[in-house]
$ cat start_37.cif   # mmCIF, C-alpha atoms
data_protein
loop_
_atom_site.label_atom_id
_atom_site.label_comp_id
_atom_site.auth_asym_id
_atom_site.auth_seq_id
_atom_site.Cartn_x
_atom_site.Cartn_y
_atom_site.Cartn_z
CA MET D 772 -13.62 -27.78 -5.16
CA SER D 773 -10.51 -29.94 -4.75
CA TYR D 774 -7.46 -28.89 -2.78
CA GLU D 775 -5.34 -28.91 -5.95
CA THR D 776 -7.81 -26.61 -7.70
CA ALA D 777 -7.88 -24.24 -4.73
CA VAL D 778 -4.08 -23.98 -4.64
CA ALA D 779 -3.92 -23.47 -8.41
CA GLN D 780 -6.49 -20.68 -8.22
CA MET D 781 -4.57 -19.05 -5.39
CA TYR D 782 -1.38 -18.97 -7.43
CA ALA D 783 -3.29 -17.80 -10.50
CA LEU D 784 -3.93 -14.53 -8.64
CA GLY D 785 -0.31 -13.72 -9.48
CA HIS D 786 2.29 -11.72 -7.62
CA GLU D 787 0.34 -8.97 -5.89
CA LEU D 788 3.26 -6.55 -5.78
CA ALA D 789 3.57 -6.72 -9.57
CA GLN D 790 0.27 -4.84 -9.90
CA THR D 791 0.06 -1.08 -10.33
CA PRO D 792 -1.08 0.02 -7.84
CA PRO D 793 0.01 -2.93 -5.66
CA HIS D 794 -3.08 -4.91 -4.68
CA LYS D 795 -1.49 -5.92 -1.38
CA PHE D 796 -1.84 -2.65 0.48
CA ASP D 797 -5.42 -1.53 1.01
CA LEU D 798 -6.99 -2.24 4.39
CA ALA D 799 -10.30 -0.72 3.28
CA HIS D 800 -10.68 -3.51 0.72
CA MET D 801 -9.68 -6.11 3.30
CA ARG D 802 -12.30 -4.80 5.71
CA VAL D 803 -14.99 -4.98 3.01
CA LEU D 804 -14.14 -8.63 2.42
CA LEU D 805 -14.09 -9.49 6.12
CA ALA D 806 -17.39 -7.67 6.74
CA ALA D 807 -19.01 -9.82 4.05
CA LEU D 808 -17.63 -12.91 5.83
CA GLY D 809 -19.12 -11.82 9.16
CA HIS D 810 -15.93 -10.36 10.62
CA PRO D 811 -14.05 -13.56 11.50
CA GLU D 812 -11.07 -11.46 12.64
CA ASN D 813 -13.11 -10.38 15.68
CA ARG D 814 -13.90 -13.92 16.85
CA PHE D 815 -10.53 -14.91 18.31
CA PRO D 816 -7.87 -13.17 20.45
CA SER D 817 -4.54 -12.48 18.80
CA VAL D 818 -0.95 -11.30 19.04
CA LEU D 819 0.50 -9.40 16.09
CA VAL D 820 4.21 -9.68 15.19
CA ALA D 821 5.98 -7.27 12.81
CA GLY D 822 9.63 -6.65 11.96
CA THR D 823 12.19 -7.24 9.22
CA ASN D 824 14.01 -10.28 10.60
CA GLY D 825 13.04 -12.73 13.32
CA LYS D 826 9.28 -12.28 13.29
CA GLY D 827 8.65 -15.86 12.13
CA SER D 828 11.02 -17.32 14.73
CA THR D 829 9.46 -15.15 17.45
CA ALA D 830 5.93 -16.11 16.40
CA ALA D 831 6.74 -19.82 16.25
CA THR D 832 8.43 -19.76 19.67
CA LEU D 833 5.55 -17.87 21.29
CA ALA D 834 2.97 -20.20 19.72
CA SER D 835 4.87 -23.21 21.07
CA ILE D 836 4.97 -21.68 24.56
CA LEU D 837 1.24 -20.99 24.47
CA GLN D 838 0.35 -24.48 23.29
CA THR D 839 2.61 -26.08 25.90
CA SER D 840 0.81 -23.95 28.49
CA GLY D 841 -2.43 -25.72 27.63
CA LEU D 842 -3.83 -23.08 25.27
CA LYS D 843 -5.40 -23.99 21.94
CA THR D 844 -3.07 -21.96 19.72
CA GLY D 845 -3.26 -20.74 16.14
CA LEU D 846 -0.26 -19.60 14.13
CA TYR D 847 -0.28 -17.69 10.85
CA THR D 848 3.07 -17.18 9.10
CA SER D 849 4.49 -16.48 5.65
CA PRO D 850 5.90 -17.51 3.31
CA HIS D 851 5.99 -21.32 3.38
CA LEU D 852 8.83 -23.78 2.90
CA LEU D 853 7.07 -26.71 1.22
CA ARG D 854 3.26 -26.46 1.21
CA ILE D 855 0.98 -23.47 1.47
CA ASN D 856 -0.90 -25.17 4.35
CA GLU D 857 2.09 -24.53 6.62
CA ARG D 858 1.05 -20.90 6.85
CA ILE D 859 -2.14 -21.68 8.78
CA CYS D 860 -1.61 -23.93 11.82
CA LEU D 861 -3.64 -24.93 14.86
CA ASN D 862 -1.71 -26.56 17.69
CA ARG D 863 1.24 -27.06 15.31
CA GLU D 864 -0.90 -28.91 12.74
CA PRO D 865 -1.27 -27.30 9.29
CA ILE D 866 -4.77 -26.68 8.02
CA PRO D 867 -6.11 -29.93 6.43
CA ASP D 868 -6.40 -29.97 2.64
CA ASP D 869 -10.19 -30.32 2.76
CA ASP D 870 -10.57 -27.31 5.05
CA PHE D 871 -8.21 -25.31 2.86
CA ALA D 872 -10.30 -26.08 -0.22
CA LEU D 873 -13.58 -25.34 1.56
CA LEU D 874 -12.43 -22.01 2.95
CA HIS D 875 -10.89 -20.98 -0.33
CA ASP D 876 -14.26 -21.60 -1.98
CA VAL D 877 -16.04 -19.54 0.69
CA VAL D 878 -13.65 -16.58 0.42
CA ASP D 879 -13.37 -16.75 -3.37
CA ARG D 880 -17.16 -16.82 -3.91
CA THR D 881 -17.59 -13.93 -1.48
CA ALA D 882 -14.89 -11.93 -3.26
CA GLU D 883 -16.41 -12.59 -6.69
CA ARG D 884 -19.80 -11.41 -5.43
CA LEU D 885 -18.31 -8.24 -3.98
CA VAL D 886 -16.52 -7.46 -7.25
CA GLY D 887 -19.69 -8.15 -9.21
CA GLU D 888 -21.71 -5.82 -6.99
CA GLY D 889 -19.09 -3.09 -7.20
CA ASP D 890 -18.10 -3.23 -3.54
CA LEU D 891 -14.55 -4.21 -4.48
CA PRO D 892 -12.63 -2.86 -7.50
CA TRP D 893 -10.82 -6.17 -8.05
CA HIS D 894 -10.41 -9.62 -6.58
CA PRO D 895 -8.47 -9.64 -3.29
CA SER D 896 -4.77 -10.39 -3.64
CA PHE D 897 -3.12 -13.72 -2.87
CA PHE D 898 -2.17 -12.59 0.63
CA GLU D 899 -5.51 -10.95 1.36
CA THR D 900 -7.33 -14.10 0.25
CA LEU D 901 -5.11 -16.37 2.33
CA THR D 902 -5.36 -14.08 5.36
CA ALA D 903 -9.15 -14.08 5.14
CA MET D 904 -9.07 -17.90 4.90
CA ALA D 905 -6.86 -18.04 7.99
CA PHE D 906 -9.16 -15.74 9.94
CA GLU D 907 -12.18 -17.84 8.95
CA TYR D 908 -10.39 -21.05 9.94
CA PHE D 909 -9.46 -19.69 13.35
CA ALA D 910 -12.91 -18.20 13.91
CA ARG D 911 -14.51 -21.59 13.24
CA ASN D 912 -12.11 -23.48 15.52
CA ARG D 913 -12.14 -21.05 18.46
CA PRO D 914 -8.49 -21.04 19.60
CA ASP D 915 -7.53 -19.48 22.91
CA MET D 916 -4.92 -17.35 21.14
CA VAL D 917 -3.65 -16.81 17.61
CA VAL D 918 -0.16 -15.54 16.82
CA LEU D 919 -0.18 -13.60 13.55
CA GLU D 920 2.99 -12.79 11.64
CA VAL D 921 2.70 -9.66 9.51
CA GLY D 922 3.36 -10.38 5.84
CA MET D 923 5.11 -7.13 4.87
CA GLY D 924 5.42 -3.83 6.66
CA GLY D 925 2.62 -3.53 9.18
CA ARG D 926 0.53 -0.39 8.74
CA LEU D 927 -1.15 -1.56 5.53
CA ASP D 928 -0.67 -5.32 5.88
CA ALA D 929 -3.80 -7.47 5.64
CA THR D 930 -3.21 -8.88 9.13
CA ASN D 931 -3.42 -5.41 10.66
CA VAL D 932 -7.22 -5.43 10.85
CA VAL D 933 -7.25 -7.34 14.15
CA GLU D 934 -7.25 -5.77 17.60
CA PRO D 935 -4.35 -7.65 19.19
CA ARG D 936 -3.86 -8.31 22.90
CA LEU D 937 -0.31 -7.13 22.31
CA SER D 938 2.01 -6.18 19.47
CA ILE D 939 5.58 -7.44 19.06
CA ILE D 940 8.20 -5.60 17.01
CA THR D 941 11.30 -7.58 16.11
CA ASP D 942 14.53 -6.26 14.61
CA ILE D 943 14.08 -3.76 11.79
CA ALA D 944 16.52 -3.48 8.89
CA LEU D 945 16.54 -2.71 5.17
CA ASP D 946 14.29 -4.95 3.06
CA HIS D 947 11.45 -4.37 0.60
CA GLN D 948 12.68 -0.78 0.16
CA LYS D 949 10.66 -0.41 -3.04
CA TYR D 950 7.45 -0.70 -1.04
CA LEU D 951 8.31 0.28 2.55
CA GLY D 952 10.88 3.07 2.23
CA SER D 953 14.56 3.55 1.51
CA THR D 954 15.77 4.07 5.09
CA VAL D 955 15.47 2.14 8.34
CA ALA D 956 13.41 5.00 9.80
CA GLU D 957 10.93 4.92 6.90
CA ILE D 958 10.59 1.15 7.16
CA ALA D 959 10.15 1.40 10.94
CA ARG D 960 7.26 3.81 10.43
CA GLU D 961 5.46 1.08 8.49
CA LYS D 962 6.22 -1.55 11.14
CA VAL D 963 4.93 0.53 14.07
CA GLY D 964 1.55 0.70 12.34
CA ILE D 965 0.63 -2.39 14.37
CA ILE D 966 0.79 -0.40 17.63
CA ARG D 967 -2.67 0.30 19.04
CA PRO D 968 -3.78 3.32 21.11
CA GLY D 969 -3.45 2.29 24.73
CA GLY D 970 -2.07 -1.08 23.66
CA VAL D 971 0.93 -3.12 24.73
CA VAL D 972 4.16 -3.26 22.70
CA VAL D 973 6.89 -5.86 23.28
CA THR D 974 10.23 -4.95 21.73
CA LEU D 975 13.99 -4.65 22.22
CA PRO D 976 16.47 -1.80 21.70
CA GLN D 977 17.87 -1.90 18.17
CA LEU D 978 19.21 0.48 15.52
CA SER D 979 18.91 4.08 16.72
CA GLU D 980 16.85 5.12 13.69
CA ALA D 981 14.33 2.38 14.49
CA ASN D 982 14.40 3.10 18.23
CA ASP D 983 13.41 6.72 17.67
CA VAL D 984 10.44 5.76 15.51
CA ILE D 985 9.28 3.00 17.86
CA GLY D 986 9.62 5.20 20.93
CA ASN D 987 7.69 8.08 19.39
CA ALA D 988 4.95 5.75 18.13
CA ILE D 989 4.51 4.28 21.61
CA LEU D 990 4.32 7.77 23.15
CA ASN D 991 1.88 9.07 20.54
CA ALA D 992 -0.39 6.05 20.95
CA GLY D 993 -0.25 6.13 24.75
CA ALA D 994 0.82 2.50 24.57
CA ARG D 995 2.68 0.59 27.25
CA PRO D 996 6.13 -0.74 26.29
CA VAL D 997 7.39 -4.10 27.52
CA ASN D 998 11.17 -4.40 27.29
CA ALA D 999 12.44 -7.93 26.56
CA VAL D 1000 16.04 -7.09 27.57
CA PRO D 1001 15.83 -9.05 30.88
CA TYR D 1002 15.39 -12.23 28.85
CA VAL D 1003 18.44 -11.77 26.60
CA PRO D 1004 21.41 -13.65 28.10
CA PRO D 1005 24.62 -11.57 28.22
CA THR D 1006 26.81 -14.19 26.57
CA VAL D 1007 26.50 -17.66 25.12
CA GLY D 1008 29.54 -19.75 24.24
CA GLN D 1009 30.13 -21.60 21.04
CA TRP D 1010 28.18 -24.76 20.32
CA PRO D 1011 28.93 -27.85 18.26
CA VAL D 1012 26.74 -28.20 15.20
CA VAL D 1013 25.14 -31.62 15.35
CA SER D 1014 21.64 -32.87 14.64
CA GLY D 1015 19.24 -31.65 17.31
CA GLN D 1016 21.73 -29.21 18.87
CA LYS D 1017 20.23 -26.44 21.00
CA GLN D 1018 21.39 -23.18 22.52
CA ARG D 1019 21.38 -23.62 26.28
CA TYR D 1020 21.44 -20.96 28.98
CA ALA D 1021 19.80 -20.12 32.29
CA LEU D 1022 17.30 -17.29 32.73
CA ASP D 1023 15.33 -15.83 35.59
CA VAL D 1024 11.61 -15.79 34.82
CA ARG D 1025 9.25 -14.51 37.48
CA GLY D 1026 11.78 -15.22 40.23
CA GLU D 1027 12.40 -18.76 39.05
CA THR D 1028 15.49 -19.96 37.17
CA ILE D 1029 14.68 -21.89 34.02
CA GLN D 1030 16.99 -23.66 31.60
CA VAL D 1031 16.40 -22.38 28.08
CA GLU D 1032 17.12 -24.96 25.37
CA SER D 1033 16.27 -23.42 22.04
CA PRO D 1034 16.60 -25.31 18.75
CA LEU D 1035 17.00 -21.95 17.00
CA LEU D 1036 20.72 -21.31 16.76
CA GLY D 1037 22.55 -18.01 16.46
CA ARG D 1038 23.00 -14.92 18.59
CA HIS D 1039 20.21 -13.20 16.68
CA GLN D 1040 17.84 -15.94 17.85
CA LEU D 1041 18.54 -15.02 21.48
CA ARG D 1042 16.65 -11.79 20.81
CA ASN D 1043 13.74 -13.56 19.16
CA VAL D 1044 13.39 -16.02 22.04
CA ALA D 1045 13.56 -13.11 24.50
CA LEU D 1046 10.70 -11.37 22.72
CA ALA D 1047 8.62 -14.55 22.86
CA ILE D 1048 9.30 -14.96 26.59
CA ALA D 1049 8.40 -11.33 27.33
CA ALA D 1050 5.20 -11.67 25.31
CA ALA D 1051 4.27 -14.88 27.13
CA GLU D 1052 4.87 -13.18 30.48
CA GLU D 1053 2.66 -10.27 29.44
CA LEU D 1054 -0.13 -12.67 28.42
CA HIS D 1055 0.22 -14.38 31.81
CA ASN D 1056 -0.21 -10.98 33.45
CA GLN D 1057 -3.32 -10.46 31.32
CA GLY D 1058 -4.92 -13.53 32.89
CA MET D 1059 -3.52 -16.58 31.10
CA ALA D 1060 -2.51 -18.28 34.33
CA GLY D 1061 -1.46 -21.51 32.62
CA ILE D 1062 1.67 -19.79 31.33
CA THR D 1063 4.36 -20.56 33.91
CA PRO D 1064 8.17 -20.47 33.92
CA GLU D 1065 8.16 -24.24 33.37
CA THR D 1066 5.77 -24.13 30.41
CA ILE D 1067 7.85 -21.31 28.91
CA ALA D 1068 10.96 -23.50 29.14
CA GLN D 1069 9.13 -26.53 27.72
CA GLY D 1070 7.56 -24.49 24.92
CA ILE D 1071 10.95 -23.14 23.83
CA ARG D 1072 12.37 -26.68 23.74
CA LYS D 1073 9.45 -27.87 21.61
CA THR D 1074 9.64 -25.04 19.06
CA ARG D 1075 9.83 -26.24 15.50
CA TRP D 1076 10.83 -23.68 12.87
CA PRO D 1077 12.64 -25.56 10.09
CA GLY D 1078 15.04 -24.07 7.58
CA ARG D 1079 16.71 -21.82 10.13
CA PHE D 1080 20.27 -23.00 10.70
CA GLN D 1081 19.01 -26.53 10.25
CA VAL D 1082 21.69 -29.22 10.03
CA VAL D 1083 21.45 -32.38 7.95
CA PRO D 1084 24.30 -34.58 9.25
CA ALA D 1085 26.84 -36.18 6.94
CA THR D 1086 26.06 -39.79 5.98
CA GLY D 1087 28.18 -42.15 3.94
CA ASP D 1088 29.55 -40.27 0.95
CA ASN D 1089 27.30 -37.27 1.59
CA PRO D 1090 28.64 -34.05 3.13
CA GLU D 1091 27.03 -32.18 6.00
CA TYR D 1092 24.32 -29.75 4.87
CA LEU D 1093 23.39 -26.52 6.61
CA LEU D 1094 20.05 -24.97 5.58
CA ASP D 1095 19.30 -21.37 6.48
CA VAL D 1096 17.02 -18.68 5.08
CA ALA D 1097 18.97 -15.45 4.52
CA HIS D 1098 17.10 -13.28 2.02
CA ASN D 1099 18.33 -9.82 3.02
CA PRO D 1100 21.65 -8.30 4.16
CA ALA D 1101 20.78 -8.47 7.87
CA GLY D 1102 19.89 -12.14 7.51
CA ALA D 1103 23.13 -12.77 5.62
CA TRP D 1104 25.19 -11.19 8.40
CA ALA D 1105 23.30 -13.27 10.98
CA LEU D 1106 24.09 -16.45 9.03
CA ARG D 1107 27.75 -15.50 8.70
CA SER D 1108 28.00 -14.76 12.41
CA THR D 1109 26.34 -18.03 13.38
CA LEU D 1110 28.52 -20.03 11.00
CA SER D 1111 31.59 -18.45 12.57
CA ALA D 1112 30.43 -19.23 16.11
CA ALA D 1113 29.48 -22.78 15.20
CA TYR D 1114 32.35 -23.78 12.91
CA GLY D 1115 35.18 -21.44 13.88
CA ASP D 1116 37.19 -19.11 11.68
CA LEU D 1117 35.56 -19.02 8.23
CA GLU D 1118 38.67 -17.76 6.48
CA SER D 1119 40.99 -20.59 7.46
CA GLY D 1120 38.60 -23.17 8.92
CA ARG D 1121 36.26 -25.65 7.34
CA VAL D 1122 35.81 -25.43 3.56
CA ILE D 1123 32.31 -24.27 2.59
CA THR D 1124 30.48 -25.03 -0.63
CA MET D 1125 27.45 -22.76 -1.00
CA VAL D 1126 24.17 -23.22 -2.87
CA PHE D 1127 22.48 -19.85 -3.27
CA GLY D 1128 19.31 -18.53 -4.87
CA VAL D 1129 17.17 -15.50 -4.13
CA MET D 1130 14.14 -13.58 -5.34
CA ARG D 1131 14.73 -10.93 -8.01
CA ASP D 1132 13.53 -8.05 -5.81
CA LYS D 1133 16.11 -8.71 -3.08
CA ALA D 1134 19.47 -6.99 -2.49
CA MET D 1135 21.42 -9.65 -4.41
CA GLN D 1136 24.67 -7.71 -4.63
CA GLU D 1137 24.86 -6.93 -0.92
CA ILE D 1138 23.95 -10.47 0.12
CA ALA D 1139 26.52 -11.92 -2.28
CA GLU D 1140 29.22 -9.60 -0.98
CA ILE D 1141 28.50 -10.75 2.57
CA LEU D 1142 28.22 -14.50 1.97
CA PHE D 1143 30.16 -15.51 -1.13
CA PRO D 1144 33.66 -14.66 0.24
CA ILE D 1145 33.34 -17.33 2.98
CA ALA D 1146 32.79 -20.12 0.41
CA ARG D 1147 35.36 -21.83 -1.77
CA HIS D 1148 32.68 -22.76 -4.30
CA VAL D 1149 29.27 -21.11 -4.91
CA ILE D 1150 26.58 -22.72 -7.05
CA VAL D 1151 23.94 -20.14 -7.95
CA THR D 1152 20.50 -21.46 -8.85
CA HIS D 1153 16.81 -20.59 -8.61
CA ALA D 1154 13.65 -22.01 -7.09
CA ALA D 1155 10.57 -22.93 -9.10
CA ASN D 1156 9.06 -19.51 -8.50
CA PRO D 1157 8.45 -16.81 -11.13
CA ARG D 1158 9.96 -14.19 -8.82
CA SER D 1159 13.28 -16.03 -8.63
CA ALA D 1160 16.39 -14.33 -9.95
CA SER D 1161 18.06 -16.36 -12.67
CA PRO D 1162 21.53 -17.82 -12.01
CA ASP D 1163 22.93 -15.37 -14.58
CA GLU D 1164 21.31 -12.39 -12.81
CA ILE D 1165 22.84 -13.50 -9.51
CA ARG D 1166 26.25 -13.96 -11.12
CA GLN D 1167 26.10 -10.46 -12.58
CA ALA D 1168 25.08 -9.01 -9.21
CA ALA D 1169 28.03 -10.81 -7.62
CA ALA D 1170 30.54 -9.46 -10.15
CA ARG D 1171 32.60 -7.70 -7.49
CA VAL D 1172 33.28 -10.95 -5.61
CA ALA D 1173 33.42 -13.24 -8.65
CA ALA D 1174 37.16 -12.79 -9.07
CA ASP D 1175 37.85 -14.27 -5.63
CA THR D 1176 35.12 -16.93 -5.57
CA ASP D 1177 34.50 -19.91 -7.85
CA ILE D 1178 30.90 -19.36 -9.04
CA GLU D 1179 28.97 -21.92 -11.08
CA GLU D 1180 25.40 -21.97 -12.32
CA ALA D 1181 22.82 -24.74 -11.94
CA GLU D 1182 19.42 -24.87 -13.60
CA ASN D 1183 17.53 -25.94 -10.48
CA VAL D 1184 17.97 -26.74 -6.80
CA PRO D 1185 18.35 -30.54 -7.15
CA SER D 1186 21.11 -30.16 -9.76
CA ALA D 1187 22.81 -27.52 -7.60
CA LEU D 1188 22.78 -29.88 -4.62
CA ASN D 1189 24.18 -32.70 -6.72
CA ARG D 1190 27.04 -30.51 -7.91
CA ALA D 1191 27.66 -29.22 -4.37
CA ARG D 1192 27.82 -32.79 -3.05
CA LYS D 1193 30.53 -33.66 -5.56
CA LEU D 1194 32.54 -30.51 -4.85
CA ALA D 1195 32.30 -30.78 -1.06
CA GLY D 1196 33.02 -34.49 -0.72
CA PRO D 1197 32.25 -36.67 2.33
CA GLY D 1198 34.00 -34.37 4.82
CA GLY D 1199 32.72 -31.11 3.43
CA LEU D 1200 30.06 -28.62 4.45
CA VAL D 1201 27.36 -27.45 2.03
CA VAL D 1202 25.51 -24.27 3.05
CA VAL D 1203 22.15 -23.83 1.30
CA THR D 1204 20.85 -20.31 1.71
CA GLY D 1205 19.05 -17.30 0.25
CA SER D 1206 15.34 -17.56 -0.48
CA ILE D 1207 13.01 -19.58 1.70
CA TYR D 1208 11.85 -21.31 -1.49
CA VAL D 1209 15.39 -22.48 -2.32
CA VAL D 1210 15.79 -23.80 1.23
CA GLY D 1211 12.38 -25.49 1.03
CA GLU D 1212 13.22 -27.26 -2.23
CA ALA D 1213 16.56 -28.33 -0.78
CA MET D 1214 14.80 -29.77 2.28
CA GLN D 1215 12.49 -31.74 0.02
CA THR D 1216 15.36 -33.02 -2.13
CA LEU D 1217 17.43 -34.03 0.88
CA GLY D 1218 14.48 -35.60 2.71
CA ALA D 1219 14.97 -33.13 5.55
CA SER D 1220 11.30 -32.16 5.71
CA LYS D 1221 10.16 -35.40 7.32
#
$ encode --input "start_37.cif" --output "structure tokens"
Amino acid sequence: MSYETAVAQMYALGHELAQTPPHKFDLAHMRVLLAALGHPENRFPSVLVAGTNGKGSTAATLASILQTSGLKTGLYTSPHLLRINERICLNREPIPDDDFALLHDVVDRTAERLVGEGDLPWHPSFFETLTAMAFEYFARNRPDMVVLEVGMGGRLDATNVVEPRLSIITDIALDHQKYLGSTVAEIAREKVGIIRPGGVVVTLPQLSEANDVIGNAILNAGARPVNAVPYVPPTVGQWPVVSGQKQRYALDVRGETIQVESPLLGRHQLRNVALAIAAAEELHNQGMAGITPETIAQGIRKTRWPGRFQVVPATGDNPEYLLDVAHNPAGAWALRSTLSAAYGDLESGRVITMVFGVMRDKAMQEIAEILFPIARHVIVTHAANPRSASPDEIRQAAARVAADTDIEEAENVPSALNRARKLAGPGGLVVVTGSIYVVGEAMQTLGASK
């Protein structure tokens, strides 16, 4: 089987949440598949990361720390910016195309056999299939540690079949309400499903509704909490936005002062980095002696997590571009806050031209009401993804801000960028945001993925 065929067959499985019942949430089916594969999920140690926002940044930072500490490190994240291979990495390198095709064939044939024999009612979903492929890849390559980002929720997510060395819970907010619950407390109850009896939980204080659920879950499981608060700096000043800019601050780690230089910008990222540091410290205490204050500092500096407040500097007649994934209201507020800290007053400061597109199942109206008022021009568009909201759907959702904001439509991301370039001019700022797929296509168009 070729790589192209494997990818096409993966996408042919369709959007798992469009099924009734959703094919994404059934751990019993996932366990049947993994048992038939020889339980690859049991053949490597892991850390499990759940939350609404920040789990990808936290996972990427922790994986970088572990690799810098001399550990062979796997990383499983979702979704992807450019290629599906990005989701499965070993020592920062995406799974090779040939291995992807081979493992897809192994998992797909196993799934077809199980369906044929009546052990599964239907073929595993896209995410279940990909997660099984990731587990098989890691099992065959024997990493020292694998950092697994939960896809959605936690309790019923396909990743939640592992027995992690520790669980990390990042900030919880409203997202995926149709599937996880309509309140922060209901969503938190899904997230805390990754907590194990007698296990270790790394987290930070957050919204009171989430705190109550997390605290009770830890007590009921007899788990041990690890508070990452000591690794959150009290204040960080403003920073200039230039290519390669980092957030810099000093921290005390195990009695030694380190200089943190994180490429992940924004006050919200301070919390994600703190969670990664606390998790690394806990793994050190569990016997991974190679993790030191110095390797923690180096690992943070080497973190690569593109599409998160990523700057493409102005060149020639081209404006400056700012790429940032903000696909829910909490992410939109984080982007707005970081823009304000980086560029000054958004109301009277630098003129912003915005390119925006989002998936149809997201809170389009709320996100638009948060972000559109800070832009002089907004070009709404959509990624090449069947779940994408159309430009017209976004415009309708943004009706309440349309009177105060110039909103245009573009048929695709490249045409939206072209229009934004003309509107912004050489001295302007173009903010590309919303869906990770819109940001990914923008990166590809701008050559920012190299």
$ closest_residue --input "start_37.cif" --among "D:Gly1218, D:Glu1212, D:Pro1084, D:Gly825" --to "D:Leu1035" --atoms "all atoms listed in the file"
D:Gly825
$ resolve_selection --input "start_37.cif" --expression "the PyMOL selection byres ((chain D and resi 1177) around 12)" --output "list in words"
Ile1123, Thr1124, Met1125, Val1126, Phe1143, Pro1144, Ile1145, Ala1146, Arg1147, His1148, Val1149, Ile1150, Val1151, Arg1166, Ala1169, Ala1170, Val1172, Ala1173, Ala1174, Asp1175, Thr1176, Ile1178, Glu1179, Glu1180 and Leu1194 of chain D
$ closest_residue --input "start_37.cif" --among "D:Val984, D:Leu861, D:Leu853, D:Ile989" --to "D:Ala1155" --atoms "only C-alpha atoms"
D:Leu853
$ residues_around --input "start_37.cif" --residues "D:Pro1064" --least-positions-apart "6" --cutoff "7 Å" --atoms "only C-alpha atoms" --output "MDAnalysis selection string"
chainID D and resid 1024 1027 1029
$ closest_residue --input "start_37.cif" --among "D:Gln1167, D:Thr823, D:Thr902, D:Ser817" --to "D:Gly845" --atoms "all atoms listed in the file"
D:Ser817
$ residues_around --input "start_37.cif" --residues "stretch 964-972 of chain D" --least-positions-apart "3" --cutoff "10 Å" --atoms "only C-alpha atoms" --output "PyMOL selection string"
chain D and resi 819-821+921+924-928+930-940+959-961+975+985+988-998+1050+1053
$ atom_distance --input "start_37.cif" --atom1 "atom CA of D:Gly841" --atom2 "atom CA of D:Pro914"
11.1 Å
$ resolve_selection --input "start_37.cif" --expression "the PyMOL selection byres ((chain D and resi 873-882) around 9)" --output "PDB file with C-alpha atoms, keeping the file's coordinate frame"
ATOM      1  CA  MET D 772     -13.620 -27.780  -5.160  1.00  0.00           C
ATOM      2  CA  SER D 773     -10.510 -29.940  -4.750  1.00  0.00           C
ATOM      3  CA  TYR D 774      -7.460 -28.890  -2.780  1.00  0.00           C
ATOM      4  CA  ALA D 777      -7.880 -24.240  -4.730  1.00  0.00           C
ATOM      5  CA  VAL D 778      -4.080 -23.980  -4.640  1.00  0.00           C
ATOM      6  CA  MET D 781      -4.570 -19.050  -5.390  1.00  0.00           C
ATOM      7  CA  LEU D 804     -14.140  -8.630   2.420  1.00  0.00           C
ATOM      8  CA  ALA D 807     -19.010  -9.820   4.050  1.00  0.00           C
ATOM      9  CA  LEU D 808     -17.630 -12.910   5.830  1.00  0.00           C
ATOM     10  CA  ASP D 868      -6.400 -29.970   2.640  1.00  0.00           C
ATOM     11  CA  ASP D 869     -10.190 -30.320   2.760  1.00  0.00           C
ATOM     12  CA  ASP D 870     -10.570 -27.310   5.050  1.00  0.00           C
ATOM     13  CA  PHE D 871      -8.210 -25.310   2.860  1.00  0.00           C
ATOM     14  CA  ALA D 872     -10.300 -26.080  -0.220  1.00  0.00           C
ATOM     15  CA  GLU D 883     -16.410 -12.590  -6.690  1.00  0.00           C
ATOM     16  CA  ARG D 884     -19.800 -11.410  -5.430  1.00  0.00           C
ATOM     17  CA  LEU D 885     -18.310  -8.240  -3.980  1.00  0.00           C
ATOM     18  CA  VAL D 886     -16.520  -7.460  -7.250  1.00  0.00           C
ATOM     19  CA  GLY D 887     -19.690  -8.150  -9.210  1.00  0.00           C
ATOM     20  CA  LEU D 891     -14.550  -4.210  -4.480  1.00  0.00           C
ATOM     21  CA  TRP D 893     -10.820  -6.170  -8.050  1.00  0.00           C
ATOM     22  CA  HIS D 894     -10.410  -9.620  -6.580  1.00  0.00           C
ATOM     23  CA  PRO D 895      -8.470  -9.640  -3.290  1.00  0.00           C
ATOM     24  CA  THR D 900      -7.330 -14.100   0.250  1.00  0.00           C
ATOM     25  CA  LEU D 901      -5.110 -16.370   2.330  1.00  0.00           C
ATOM     26  CA  ALA D 903      -9.150 -14.080   5.140  1.00  0.00           C
ATOM     27  CA  MET D 904      -9.070 -17.900   4.900  1.00  0.00           C
ATOM     28  CA  ALA D 905      -6.860 -18.040   7.990  1.00  0.00           C
ATOM     29  CA  GLU D 907     -12.180 -17.840   8.950  1.00  0.00           C
ATOM     30  CA  TYR D 908     -10.390 -21.050   9.940  1.00  0.00           C
TER      31      TYR D 908
END
$ resolve_selection --input "start_37.cif" --expression "the PyMOL selection byres ((chain D and resi 829) around 7)" --output "PyMOL selection string"
chain D and resi 825-828+830-833+1043-1044+1046-1047
$ residues_near_point --input "start_37.cif" --point "(2.9, -16.6, -13.6)" --cutoff "9 Å" --atoms "all atoms listed in the file" --output "list in words"
Tyr782, Ala783, Leu784, Gly785, His786, Asn1156, Pro1157 and Arg1158 of chain D
$ write_last_selection --input "start_37.cif" --atoms "C-alpha atoms" --output "mmCIF file, in the coordinates of the input"
data_model
loop_
_atom_site.group_PDB
_atom_site.id
_atom_site.type_symbol
_atom_site.label_atom_id
_atom_site.label_comp_id
_atom_site.auth_asym_id
_atom_site.auth_seq_id
_atom_site.Cartn_x
_atom_site.Cartn_y
_atom_site.Cartn_z
ATOM 1 C CA TYR D 782 -1.380 -18.970 -7.430
ATOM 2 C CA ALA D 783 -3.290 -17.800 -10.500
ATOM 3 C CA LEU D 784 -3.930 -14.530 -8.640
ATOM 4 C CA GLY D 785 -0.310 -13.720 -9.480
ATOM 5 C CA HIS D 786 2.290 -11.720 -7.620
ATOM 6 C CA ASN D 1156 9.060 -19.510 -8.500
ATOM 7 C CA PRO D 1157 8.450 -16.810 -11.130
ATOM 8 C CA ARG D 1158 9.960 -14.190 -8.820
#
